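Q: Got a structure for you, written out below as structure tokens; questions coming shortly.
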Amino acid sequence: MAGTYRIIGAEMSPYSVKIRSYFRYKAIPHQWVLRNAASQAEFEKYAKMPIVPLVITPEGSGIQDSTPIIEAIERLFPEPSIHPDDPTARFISSLIEEFGDEWGNKWMFHYRWAREVDQIASAGRIARMRVPKTSEPEHAAVAGQIRARMVDRVWFVGSNAVTAPQIEAGFADMLDLLEAHLATRPYLFGGRPAFGDFGLWGQLYELWKDPTAGALIEGDAPHVLDWVHRMLSPRAEAPFETWSRLAPTLMPILTGQVGGQFMPWTLANEKALAGGSEEFSVTLGERVWSQKPQKYHARSLAMLRAKYAEIADKTALNPVLEAAGCLAGLRG
């Protein structure tokens, strides 16, 4: 089909489904292609990195990394916009998108691989996606290999015996905050999805599909569950809201989660990388978080700072960021 994009991704990748949701919202002609043996040759032809999603344009170029993908496609298909008109809400949406990608992934990866029930369920699903036509013994062998490899990688997101209670308590707090915020609106920034919705939703959608976290969402957060379902095929239902209308229930998320957890962590990670440290510790609330530094997060923080620096008039935005505990980190 002329003018059709191809998205090579994985159903269990939060960044892949994030892009699929975005393309659906924009009504951009596209094909969803699973990353497996059948699509490997095409993937290798266009991909520069071994990661999904990969978007192949009608012109025959490949784009990777979910945030740059959306930014590139948004320039080509600006309507309906995913950016609120209110300048403060607009940047907060970008901040939430970054938070979802980088901090929300800790919840998702931890819950997916921390407990036996989730390990078995997830490894089995990944094995079916990658090698759908294998026999049962072969499937079991592939699933076992996937499970062993992924369980051994939870350290990458900072999940360990010390941080596990912090991750799970943080997710429970976020569910409560999101539930209150989404009780009176269909999307994070009002009547239509914003940049922040796509970034955060990708992680929550994957959490919902796994046994342990999914039970928490379905049992404790009906409005969050509705949003998870809605974002599968989002649509514009009403205008974006102004920051003054969003603030009463969105500000607690910024203060407790973004400024209280994510920002001090990402700044400590950046400092550790600059100093060549193999591990770092940072106090988040009343607990100490320790993990190995992650290189990509320093790059994405720099991208977020660049977006902040481009804002000409920060008169209304800076007090919000200061109150949330984010301003100093964004100034660099």
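In the structure tokens, the first chain shown is A, the next is B, and so on; residue numbers restart at 1 for each chain, and ligands run from 1 in the order shown.
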Skipping near chain neighbours, those fewer than 2 positions away, what residues fall within 8 Å of Tyr46 (chain A) using only C-alpha atoms, listed as a PyMOL selection string?

A: chain A and resi 42-44+48+54+56+61-62

Q: Could you write out that same residue set with N, CA, C and O atoms as a PDB file, in the first residue's frame?

A:
```pdb
ATOM      1  N   GLU A  42      14.219  -7.904   7.131  1.00  0.00           N
ATOM      2  CA  GLU A  42      13.775  -6.525   6.952  1.00  0.00           C
ATOM      3  C   GLU A  42      14.279  -5.646   8.092  1.00  0.00           C
ATOM      4  O   GLU A  42      14.707  -4.502   7.871  1.00  0.00           O
ATOM      5  N   PHE A  43      14.225  -6.177   9.301  1.00  0.00           N
ATOM      6  CA  PHE A  43      14.709  -5.414  10.456  1.00  0.00           C
ATOM      7  C   PHE A  43      16.186  -5.070  10.286  1.00  0.00           C
ATOM      8  O   PHE A  43      16.594  -3.911  10.484  1.00  0.00           O
ATOM      9  N   GLU A  44      16.991  -6.040   9.924  1.00  0.00           N
ATOM     10  CA  GLU A  44      18.430  -5.805   9.787  1.00  0.00           C
ATOM     11  C   GLU A  44      18.751  -4.828   8.653  1.00  0.00           C
ATOM     12  O   GLU A  44      19.748  -4.109   8.716  1.00  0.00           O
ATOM     13  N   LYS A  48      19.525   0.490  12.807  1.00  0.00           N
ATOM     14  CA  LYS A  48      20.896   0.825  13.170  1.00  0.00           C
ATOM     15  C   LYS A  48      21.238   0.312  14.566  1.00  0.00           C
ATOM     16  O   LYS A  48      22.403   0.219  14.933  1.00  0.00           O
ATOM     17  N   LEU A  54      11.022  -0.312  15.379  1.00  0.00           N
ATOM     18  CA  LEU A  54      11.629   0.247  14.184  1.00  0.00           C
ATOM     19  C   LEU A  54      10.485   0.675  13.273  1.00  0.00           C
ATOM     20  O   LEU A  54       9.605  -0.128  12.963  1.00  0.00           O
ATOM     21  N   ILE A  56       9.608   1.941   9.558  1.00  0.00           N
ATOM     22  CA  ILE A  56      10.120   2.059   8.194  1.00  0.00           C
ATOM     23  C   ILE A  56       9.168   2.973   7.423  1.00  0.00           C
ATOM     24  O   ILE A  56       7.968   2.697   7.325  1.00  0.00           O
ATOM     25  N   SER A  61      13.233   4.668   4.684  1.00  0.00           N
ATOM     26  CA  SER A  61      14.221   4.927   5.731  1.00  0.00           C
ATOM     27  C   SER A  61      13.715   4.366   7.044  1.00  0.00           C
ATOM     28  O   SER A  61      12.514   4.184   7.241  1.00  0.00           O
ATOM     29  N   GLY A  62      14.628   4.077   7.947  1.00  0.00           N
ATOM     30  CA  GLY A  62      14.265   3.518   9.241  1.00  0.00           C
ATOM     31  C   GLY A  62      14.451   4.530  10.359  1.00  0.00           C
ATOM     32  O   GLY A  62      15.430   5.287  10.361  1.00  0.00           O
TER      33      GLY A  62
END
```

Q: May I have the residues within 7 Å of Ser233 (chain A) as a list of chain:residue names, using only C-alpha atoms and disregarding those fewer than 3 positions away in the same chain?

A: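 These residues fall inside the cut-off: A:Ser21, A:Arg24, A:Tyr25, A:Arg230.
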
Q: Selected residues, N, CA, C and O atoms, written as a PDB file, in the first residue's frame, please.

A:
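Now in result.pdb:
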```pdb
ATOM      1  N   SER A  21       0.023   2.868  19.328  1.00  0.00           N
ATOM      2  CA  SER A  21      -1.081   3.692  19.811  1.00  0.00           C
ATOM      3  C   SER A  21      -1.045   5.072  19.169  1.00  0.00           C
ATOM      4  O   SER A  21      -2.084   5.618  18.771  1.00  0.00           O
ATOM      5  N   ARG A  24      -2.185   4.891  15.579  1.00  0.00           N
ATOM      6  CA  ARG A  24      -3.636   4.707  15.525  1.00  0.00           C
ATOM      7  C   ARG A  24      -4.353   6.033  15.784  1.00  0.00           C
ATOM      8  O   ARG A  24      -5.337   6.356  15.107  1.00  0.00           O
ATOM      9  N   TYR A  25      -3.881   6.790  16.761  1.00  0.00           N
ATOM     10  CA  TYR A  25      -4.521   8.065  17.071  1.00  0.00           C
ATOM     11  C   TYR A  25      -4.456   9.021  15.888  1.00  0.00           C
ATOM     12  O   TYR A  25      -5.420   9.709  15.566  1.00  0.00           O
ATOM     13  N   ARG A 230      -8.634   2.567  26.818  1.00  0.00           N
ATOM     14  CA  ARG A 230      -8.918   3.680  25.899  1.00  0.00           C
ATOM     15  C   ARG A 230      -7.724   3.991  25.005  1.00  0.00           C
ATOM     16  O   ARG A 230      -7.877   4.312  23.826  1.00  0.00           O
TER      17      ARG A 230
END
```

Q: What are the nearest atom pairs, with distances in Å to one decimal, for all residues of region 120-182 of chain A that come at most 12 Å from region 271-280 of chain A, using only C-alpha atoms, set out by chain and rising residue number as JSON lines?

A:
```
{"residue": "A:Trp155", "atom": "CA", "partner": "A:Glu279", "partner_atom": "CA", "distance": 11.1}
{"residue": "A:Phe156", "atom": "CA", "partner": "A:Glu279", "partner_atom": "CA", "distance": 11.4}
{"residue": "A:Gly158", "atom": "CA", "partner": "A:Glu279", "partner_atom": "CA", "distance": 10.3}
```

Q: Ranking A:Val162, A:Leu321, A:Ile167, A:Ala10 by minimum distance to His110 (chain A) and counting only C-alpha atoms, which one comes first?

A: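 Closest to His110 (chain A) of all the choices is A:Ile167.
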
Q: Using DSSP on the backbone coordinates, identify all residues within region 38-191 of chain A classified as alpha helix (DSSP H); present the result as number ranges by chain.

A: A: 40-46, 66-76, 87-99, 105-114, 116-130, 136-151, 164-182

Q: Applying 10 Å and only C-alpha atoms, which residues near Ala148 (chain A) remain after dropping the ones on its own chain fewer than 5 positions away? List them as a PyMOL selection string.

A: chain A and resi 113+119+123+143+153

Q: Kindly indicate which residue among A:Lys26, A:His181, A:Lys18, A:His297 lies nearest to Ser81 (chain A), using only C-alpha atoms for the distances.

A: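 Residue with the minimum atom-to-atom distance to Ser81 (chain A): A:Lys26.
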
Q: Which of these residues is nearest to Leu207 (chain A), using only C-alpha atoms: A:Lys314, A:Lys106, A:Lys45, A:Arg6?

A: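 Closest to Leu207 (chain A), using only C-alpha atoms: A:Lys106.
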
Q: Considering only C-alpha atoms, return as a compact mmCIF listing (two decimals) with all heavy atoms, in the first residue's frame whatever protein or nucleic-acid residues lie within 8 Å of region 130-132 of chain A, sequence-local ones (same chain, fewer than 6 positions apart) excluded.

A:
```txt
# COMPACT_ATOMS: atom_id res chain seq x y z
N ARG A 35 8.40 -8.51 15.50
CA ARG A 35 9.84 -8.76 15.37
C ARG A 35 10.08 -10.24 15.70
O ARG A 35 10.02 -10.67 16.85
CB ARG A 35 10.61 -7.87 16.35
CG ARG A 35 12.10 -8.24 16.52
CD ARG A 35 12.93 -7.73 15.39
NE ARG A 35 14.28 -8.28 15.43
CZ ARG A 35 15.27 -7.85 16.22
NH1 ARG A 35 15.07 -6.86 17.06
NH2 ARG A 35 16.47 -8.41 16.16
N ASN A 36 10.32 -11.02 14.67
CA ASN A 36 10.63 -12.43 14.85
C ASN A 36 11.46 -12.89 13.66
O ASN A 36 11.95 -12.07 12.87
CB ASN A 36 9.36 -13.28 15.02
CG ASN A 36 8.38 -13.10 13.88
OD1 ASN A 36 8.76 -12.76 12.76
ND2 ASN A 36 7.10 -13.32 14.15
N ALA A 37 11.62 -14.19 13.50
CA ALA A 37 12.47 -14.70 12.43
C ALA A 37 11.97 -14.27 11.05
O ALA A 37 12.77 -13.99 10.14
CB ALA A 37 12.54 -16.23 12.51
N HIS A 139 9.24 -25.21 22.46
CA HIS A 139 8.71 -23.98 23.06
C HIS A 139 9.16 -23.86 24.51
O HIS A 139 9.59 -22.78 24.95
CB HIS A 139 7.18 -23.97 22.99
CG HIS A 139 6.55 -22.93 23.86
ND1 HIS A 139 6.54 -21.60 23.53
CD2 HIS A 139 5.93 -23.02 25.07
CE1 HIS A 139 5.93 -20.91 24.49
NE2 HIS A 139 5.55 -21.75 25.43
```

Q: Quick one: everything within 10 Å of Asp101 (chain A), counting only C-alpha atoms, minus sequence neighbours fewer than 3 positions away in the same chain. Send it as a list in words.

A: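 The residues satisfying every condition are Pro14, Tyr15, Lys18, Ser66, Thr67, Ile96, Glu97, Glu98, Gly104, Asn105, Lys106, Gly196, Phe198, Gly199, Leu200, Trp201, Gly202, Gln203, His297 and Ser300 of chain A.
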